[in-house]
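These notes concern the structure reproduced below.
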There are 2 protein chains.
Amino acid sequence: MIRITRQSDYGIVLLSQMAGRPIEEVLTAKDAAKRSGLPLPMASKILKALAREGLLVSHRGMRGGYSLAVAAAEISVGDVIEALEGPIGITECSYNPGACEQEGSCPVRSNWRRISVAVRNALDKIPLSEMSSPLPPALNSQLSTLNVLEART
Amino acid sequence: MIRITRQSDYGIVLLSQMAGRPIEEVLTAKDAAKRSGLPLPMASKILKALAREGLLVSHRGMRGGYSLAVAAAEISVGDVIEALEGPIGITECSYNPGACEQEGSCPVRSNWRRISVAVRNALDKIPLSEMSSPLPPALNSQLSTLNVLEART
DNA sequence: TGAAATCGTACCTTGGTGGTACTGTTTGTA
DNA sequence: TACAAACAGTACCACCAAGGTACGATTTCA
C-alpha cells in the first residue's frame with residue numbers, strides 16, 4: 001500500500017511537536033501525549049523506541065522526560081521512519097537480499113532497488129522542522145531533487 | 001513500511017513479461033505463471049484483477065488467455081499498483097479523509113498529502129516497458145521530475 | 001523514604017495479506 | 001453435439017505483523 005505504519009506517523013507528529021521548542025527542553029511522555037492527542041501508552045512506547053534509536057534523550061526519575069538528541073533540523077523524516085520500522089524498501093527484495101527465490105532471474109528487481117533508494121533519499125532530505133509548517137518553504141526544492149541517478153547502492 | 005503488497009509486485013512482473021511482446025499476443029494464465037515463476041492460482045487471481053481493472057483483456061474459452069489492453073508504454077507502475085490495491089497514500093489520511101480524528105488539528109497532514117501525491121506522480125511516470133530493462137534509459141529523467149510543486153490536489 | 005517518571009517485557013486482539021479450492025461459464029474443436 | 005480448455009466468481013483458511021494495553025522494575029529527586 002506504500003504506507004508507513006501508524007507508529008511512524010505518530011512518531012513524526014510527536015517529534016514535530018518538540019521541534020519548535022528549545023532543544024534542551026524536557027517533555028514528559030504524558031505531556032507529549034496530550035499535545036499530540038495520543039493515548040499515553042502509545043506515545044510512551046514510541047518515545048521509548050525513539051530514545052533507544054538515539055533520536056531522543058531520556059531523563060529518568062522525577063522531573064524526567066524526553067528531549068531532542070539533536071536539533072530538529074538535523075533529523076529527517078526518513079530517520080524517524082527508519083528508526084521505528086527498519087530499512088525503507090518498496091519491495092521486500094529492495095533491502096533484504098535472499099528473501100525471494102526468483103531473485104536471480106527477476107527482471108524488475110534492480111529497478112525497485114533504485115526507486116526505493118530514491119524515495120529514501122527524498123525522505124532523508126525533509127527535516128522534521130519542515131513537517132509541522134503548513135506551507136514548508138524548502139520542502140519543494142528538497143523533494144524535487146529526487147533522482148535515481150543518485151540511487152547507486 | 002512503505003512497501004507495496006506482494007500482489008502488486010507479482011502483477012508488475014507478470015505484466016513486464018508481456019510488455020516485450022506484440023500487444024495482440026494472447027497468453028494463458030498457465031504460461032504467464034510458468035514464465036514468472038509464480039504458482040498458477042496466484043497468477044490467475046492477479047491476472048483476473050488486472051483484467052477487471054481494464055489493464056488486460058481476457059479471452060475466454062479454448063485458446064483463450066490474456067492480452068494487454070493497451071501498449072506497455074502506456075501503462076505505468078502507478079497504474080498497476082492502484083489497480084491492485086487502490087489509491088496510493090503514504091498515510092491513511094492522505095487519501096481517506098475522515099479516517100483520523102486528529103485531522104483538523106494535525107500539523108503534518110498537509111505535508112503527507114503532498115509527499116504522497118509526489119510519489120504517486122513519480123510512479124505514474126515509469127512505464128511498464130522500462131521496468132524489465134536492466135538499465136532503463138528514461139527512468140532516471142522520469143523520476144527526477146518528482147516535485148511536490150505539482151502535487152496540488 | 002516516597003513520589004514521579006522512564007524502562008523492559010509480555011500479552012492480547014484484529015485485520016490484512018498470501019495462498020488454496022471449488023464450482024460455474026464461455027468457447028473452440030473433434 | 002459433446003468434450004475439453006480456459007477464464008470468472010466466490011468462498012475459505014492460516015499466518016503474521018501491527019495496534020494497543022498492562023504491569024512490575026528501576027532510577028532520580030525532593
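Ligands are numbered from 1 in the order shown, residues from 1 within each chain, and chains are lettered A, B, ... in the order they appear in the C-alpha cells.
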
Selection near DT28 of chain D, 9 Å with only C-alpha atoms (C1' of nucleotides), sequence-local residues under 5 positions removed, as a PDB file with C-alpha atoms (C1' of nucleotides), in the first residue's frame:
ATOM      1  CA  ARG A  60      14.697   9.210  34.237  1.00  0.00           C
ATOM      2  CA  GLY A  61      13.358   9.904  37.657  1.00  0.00           C
ATOM      3  CA  MET A  62      11.357  12.793  38.955  1.00  0.00           C
ATOM      4  CA  ARG A  63      11.199  15.813  36.647  1.00  0.00           C
ATOM      5  CA  GLY A  64      12.392  13.493  33.916  1.00  0.00           C
TER       6      GLY A  64
ATOM      7  C1'  DA C   4       7.231  10.774  39.693  1.00  0.00           C
ATOM      8  C1'  DA C   5       8.839   9.276  35.768  1.00  0.00           C
TER       9       DA C   5
END

Contacts of chain C with segment 36-54 of chain A up to 12 Å, shortest pair per row, only C-alpha atoms (C1' of nucleotides), as a tab-separated table:
residue	atom	partner	partner_atom	distance
C:DA5	C1'	A:Ser44	CA	11.1
C:DT6	C1'	A:Lys48	CA	8.2
C:DC7	C1'	A:Lys48	CA	8.1
C:DG8	C1'	A:Lys48	CA	10.1
C:DT9	C1'	A:Lys45	CA	11.7

(request) Would you mind telling me which residue in C:DA10, C:DA3, C:DA30, C:DA21 lies nearest to DA30 of chain D when using only C-alpha atoms (C1' of nucleotides)? (result)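 When distances to DA30 of chain D are compared using only C-alpha atoms (C1' of nucleotides), the smallest one comes from C:DA3.
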
Residues near DC15 of chain D, cut-off 12 Å, only C-alpha atoms (C1' of nucleotides), skip fewer than 5 positions along chain, as an mmCIF file with N, CA and C atoms (P, O5', C5', C4', C3', O3' and C1' of nucleotides), in the first residue's frame:
data_model
loop_
_atom_site.group_PDB
_atom_site.id
_atom_site.type_symbol
_atom_site.label_atom_id
_atom_site.label_comp_id
_atom_site.auth_asym_id
_atom_site.auth_seq_id
_atom_site.Cartn_x
_atom_site.Cartn_y
_atom_site.Cartn_z
ATOM 1 P P DG C 15 -11.073 -5.832 13.002
ATOM 2 O "O5'" DG C 15 -10.315 -5.415 11.671
ATOM 3 C "C5'" DG C 15 -9.198 -4.544 11.756
ATOM 4 C "C4'" DG C 15 -8.134 -4.966 10.769
ATOM 5 C "C3'" DG C 15 -8.685 -5.353 9.396
ATOM 6 O "O3'" DG C 15 -7.977 -4.629 8.416
ATOM 7 C "C1'" DG C 15 -7.216 -7.035 10.202
ATOM 8 P P DG C 16 -8.597 -4.563 6.932
ATOM 9 O "O5'" DG C 16 -7.278 -4.791 6.090
ATOM 10 C "C5'" DG C 16 -6.035 -4.302 6.593
ATOM 11 C "C4'" DG C 16 -4.913 -5.218 6.177
ATOM 12 C "C3'" DG C 16 -4.956 -5.608 4.698
ATOM 13 O "O3'" DG C 16 -3.644 -5.494 4.190
ATOM 14 C "C1'" DG C 16 -4.846 -7.556 6.031
ATOM 15 P P DT C 17 -3.456 -5.357 2.609
ATOM 16 O "O5'" DT C 17 -2.503 -6.580 2.292
ATOM 17 C "C5'" DT C 17 -1.533 -6.970 3.270
ATOM 18 C "C4'" DT C 17 -1.183 -8.427 3.117
ATOM 19 C "C3'" DT C 17 -1.199 -8.928 1.669
ATOM 20 O "O3'" DT C 17 0.131 -9.284 1.300
ATOM 21 C "C1'" DT C 17 -2.207 -10.480 3.173
ATOM 22 P P DG C 18 0.411 -9.833 -0.166
ATOM 23 O "O5'" DG C 18 0.436 -11.405 0.077
ATOM 24 C "C5'" DG C 18 1.219 -11.921 1.126
ATOM 25 C "C4'" DG C 18 1.025 -13.410 1.223
ATOM 26 C "C3'" DG C 18 1.102 -14.144 -0.117
ATOM 27 O "O3'" DG C 18 1.926 -15.289 0.043
ATOM 28 C "C1'" DG C 18 -0.951 -14.632 0.967
ATOM 29 P P DG C 19 2.333 -16.148 -1.249
ATOM 30 O "O5'" DG C 19 1.207 -17.276 -1.276
ATOM 31 C "C5'" DG C 19 1.018 -18.096 -0.118
ATOM 32 C "C4'" DG C 19 -0.250 -18.887 -0.234
ATOM 33 C "C3'" DG C 19 -0.492 -19.573 -1.584
ATOM 34 O "O3'" DG C 19 -0.305 -20.971 -1.402
ATOM 35 C "C1'" DG C 19 -2.496 -18.682 -0.627
#

(message) If I take atom CA of Gln7 of chain B and atom CA of Arg120 of chain A, how far is one from the other in Å, to one decimal?
(response)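 Calculated distance between atom CA of Gln7 of chain B and atom CA of Arg120 of chain A is 22.3 Å.
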
(request) Identify, with DSSP run on backbone atoms, the residues in segment 2-97 of chain A assigned to strand (DSSP E), and express the list as a PyMOL selection string. (result) chain A and resi 56-59+65-68

Export, as a PDB file, in the first residue's frame, the selected residues with N, CA and C atoms.
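In the end it all went to out_29.pdb:
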ATOM      1  N   LEU A  56      16.070  10.697  20.541  1.00  0.00           N
ATOM      2  CA  LEU A  56      15.705  11.427  21.743  1.00  0.00           C
ATOM      3  C   LEU A  56      16.661  11.037  22.871  1.00  0.00           C
ATOM      4  N   VAL A  57      16.711  11.891  23.878  1.00  0.00           N
ATOM      5  CA  VAL A  57      17.452  11.560  25.093  1.00  0.00           C
ATOM      6  C   VAL A  57      16.430  11.437  26.212  1.00  0.00           C
ATOM      7  N   SER A  58      16.507  10.359  26.959  1.00  0.00           N
ATOM      8  CA  SER A  58      15.561  10.177  28.056  1.00  0.00           C
ATOM      9  C   SER A  58      16.187  10.597  29.373  1.00  0.00           C
ATOM     10  N   HIS A  59      15.359  11.188  30.219  1.00  0.00           N
ATOM     11  CA  HIS A  59      15.816  11.596  31.556  1.00  0.00           C
ATOM     12  C   HIS A  59      14.930  10.896  32.565  1.00  0.00           C
ATOM     13  N   GLY A  65      11.832  12.975  31.633  1.00  0.00           N
ATOM     14  CA  GLY A  65      11.107  13.119  30.379  1.00  0.00           C
ATOM     15  C   GLY A  65      12.020  12.894  29.195  1.00  0.00           C
ATOM     16  N   TYR A  66      11.627  13.466  28.072  1.00  0.00           N
ATOM     17  CA  TYR A  66      12.413  13.291  26.849  1.00  0.00           C
ATOM     18  C   TYR A  66      12.775  14.646  26.262  1.00  0.00           C
ATOM     19  N   SER A  67      13.961  14.680  25.683  1.00  0.00           N
ATOM     20  CA  SER A  67      14.345  15.869  24.921  1.00  0.00           C
ATOM     21  C   SER A  67      15.021  15.429  23.633  1.00  0.00           C
ATOM     22  N   LEU A  68      15.049  16.323  22.659  1.00  0.00           N
ATOM     23  CA  LEU A  68      15.676  16.016  21.376  1.00  0.00           C
ATOM     24  C   LEU A  68      17.171  15.773  21.555  1.00  0.00           C
TER      25      LEU A  68
END

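Between atom CA of Gln17 of chain B and atom CA of Ser105 of chain A lies a distance of 11.9 Å.
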
(request) Rank B:Ile4, B:Leu27, B:Leu84, B:Val108 by their smallest atom-to-atom distance to chain D, using only C-alpha atoms (C1' of nucleotides), and report the top residue only. (result) B:Leu27

(message) Please report the interatomic distance between atom CA of Pro87 of chain A and atom C1' of DG19 of chain D in Å with one decimal.
(response)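 Separation of atom CA of Pro87 of chain A and atom C1' of DG19 of chain D: 20.3 Å.
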
(request) Enumerate as number ranges by chain all residues of segment 3-153 of chain B assigned to alpha helix (DSSP H) by DSSP on the backbone, naming them with the chain letters and numbers the document uses. (result) B: 6-19, 29-36, 40-52, 77-85, 109-124, 128-131, 139-144

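Closest to Cys93 of chain B among A:Arg6, A:Trp112, A:Ser16, A:Ala29 is A:Arg6, based on only C-alpha atoms.
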
(request) Enumerate as a list in words the residues belonging to chain D that approach chain B to within 9 Å, with only C-alpha atoms (C1' of nucleotides) taken into account. (result) DA4, DA5, DA6, DC7 and DA8 of chain D

For the residues in that selection, give me C-alpha atoms (C1' of nucleotides) as a PDB file, in the first residue's frame.
ATOM      1  C1'  DA D   4     -12.031 -30.100 -23.205  1.00  0.00           C
ATOM      2  C1'  DA D   5      -9.613 -25.846 -22.385  1.00  0.00           C
ATOM      3  C1'  DA D   6      -9.598 -21.750 -20.324  1.00  0.00           C
ATOM      4  C1'  DC D   7     -11.361 -17.760 -17.615  1.00  0.00           C
ATOM      5  C1'  DA D   8     -14.901 -15.982 -13.730  1.00  0.00           C
TER       6       DA D   8
END

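Non-sequential neighbours of Asn96 of chain B (distance at most 12 Å, separation of 4 or more positions within a chain, only C-alpha atoms (C1' of nucleotides)) are Gly86, Pro87, Ile88, Gly89, Ile90, Thr91, Glu92, Cys100, Glu101, Glu103, Arg109 and Arg113 of chain B.
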
(message) Applying 6 Å and only C-alpha atoms (C1' of nucleotides), which residues near segment 69-73 of chain A remain after dropping the ones on its own chain fewer than 2 positions away? List them as a PyMOL selection string.
(response) chain A and resi 19+55-57+75+127-129

Could you write out that same residue set with N, CA and C atoms as a PDB file, in the first residue's frame?
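Produced file result-v6.pdb, reproduced below:
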ATOM      1  N   ALA A  19       9.762  19.914  17.945  1.00  0.00           N
ATOM      2  CA  ALA A  19      10.706  20.547  17.038  1.00  0.00           C
ATOM      3  C   ALA A  19      10.736  22.057  17.187  1.00  0.00           C
ATOM      4  N   LEU A  55      17.397   9.199  18.726  1.00  0.00           N
ATOM      5  CA  LEU A  55      16.822  10.460  18.259  1.00  0.00           C
ATOM      6  C   LEU A  55      16.387  11.330  19.430  1.00  0.00           C
ATOM      7  N   LEU A  56      16.070  10.697  20.541  1.00  0.00           N
ATOM      8  CA  LEU A  56      15.705  11.427  21.743  1.00  0.00           C
ATOM      9  C   LEU A  56      16.661  11.037  22.871  1.00  0.00           C
ATOM     10  N   VAL A  57      16.711  11.891  23.878  1.00  0.00           N
ATOM     11  CA  VAL A  57      17.452  11.560  25.093  1.00  0.00           C
ATOM     12  C   VAL A  57      16.430  11.437  26.212  1.00  0.00           C
ATOM     13  N   ILE A  75      17.220  16.223  12.026  1.00  0.00           N
ATOM     14  CA  ILE A  75      16.516  14.942  11.954  1.00  0.00           C
ATOM     15  C   ILE A  75      15.595  14.950  10.746  1.00  0.00           C
ATOM     16  N   PRO A 127      13.581  17.733   6.587  1.00  0.00           N
ATOM     17  CA  PRO A 127      13.825  17.828   8.030  1.00  0.00           C
ATOM     18  C   PRO A 127      12.510  17.896   8.797  1.00  0.00           C
ATOM     19  N   LEU A 128      12.550  17.400  10.015  1.00  0.00           N
ATOM     20  CA  LEU A 128      11.377  17.437  10.881  1.00  0.00           C
ATOM     21  C   LEU A 128      10.821  18.842  11.015  1.00  0.00           C
ATOM     22  N   SER A 129      11.728  19.791  11.052  1.00  0.00           N
ATOM     23  CA  SER A 129      11.302  21.169  11.273  1.00  0.00           C
ATOM     24  C   SER A 129      10.379  21.669  10.166  1.00  0.00           C
TER      25      SER A 129
END

(message) Could you check the closest approach to chain A for each of B:Asp124, B:Ser94, B:Ala33, B:Glu85 and tell me which residue wins, using only C-alpha atoms?
(response)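 For chain A, the nearest of the candidates is B:Glu85.
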
(request) Kindly provide, as a ChimeraX atom specification, the residues of chain C having any atom no farther than 7 Å from an atom of chain B, counting only C-alpha atoms (C1' of nucleotides). (result) /C:26-28

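When only C-alpha atoms are used to measure the gap to chain B, the shortest distance among A:Val26, A:Ile2, A:Ile12, A:Val119 belongs to A:Ile2.
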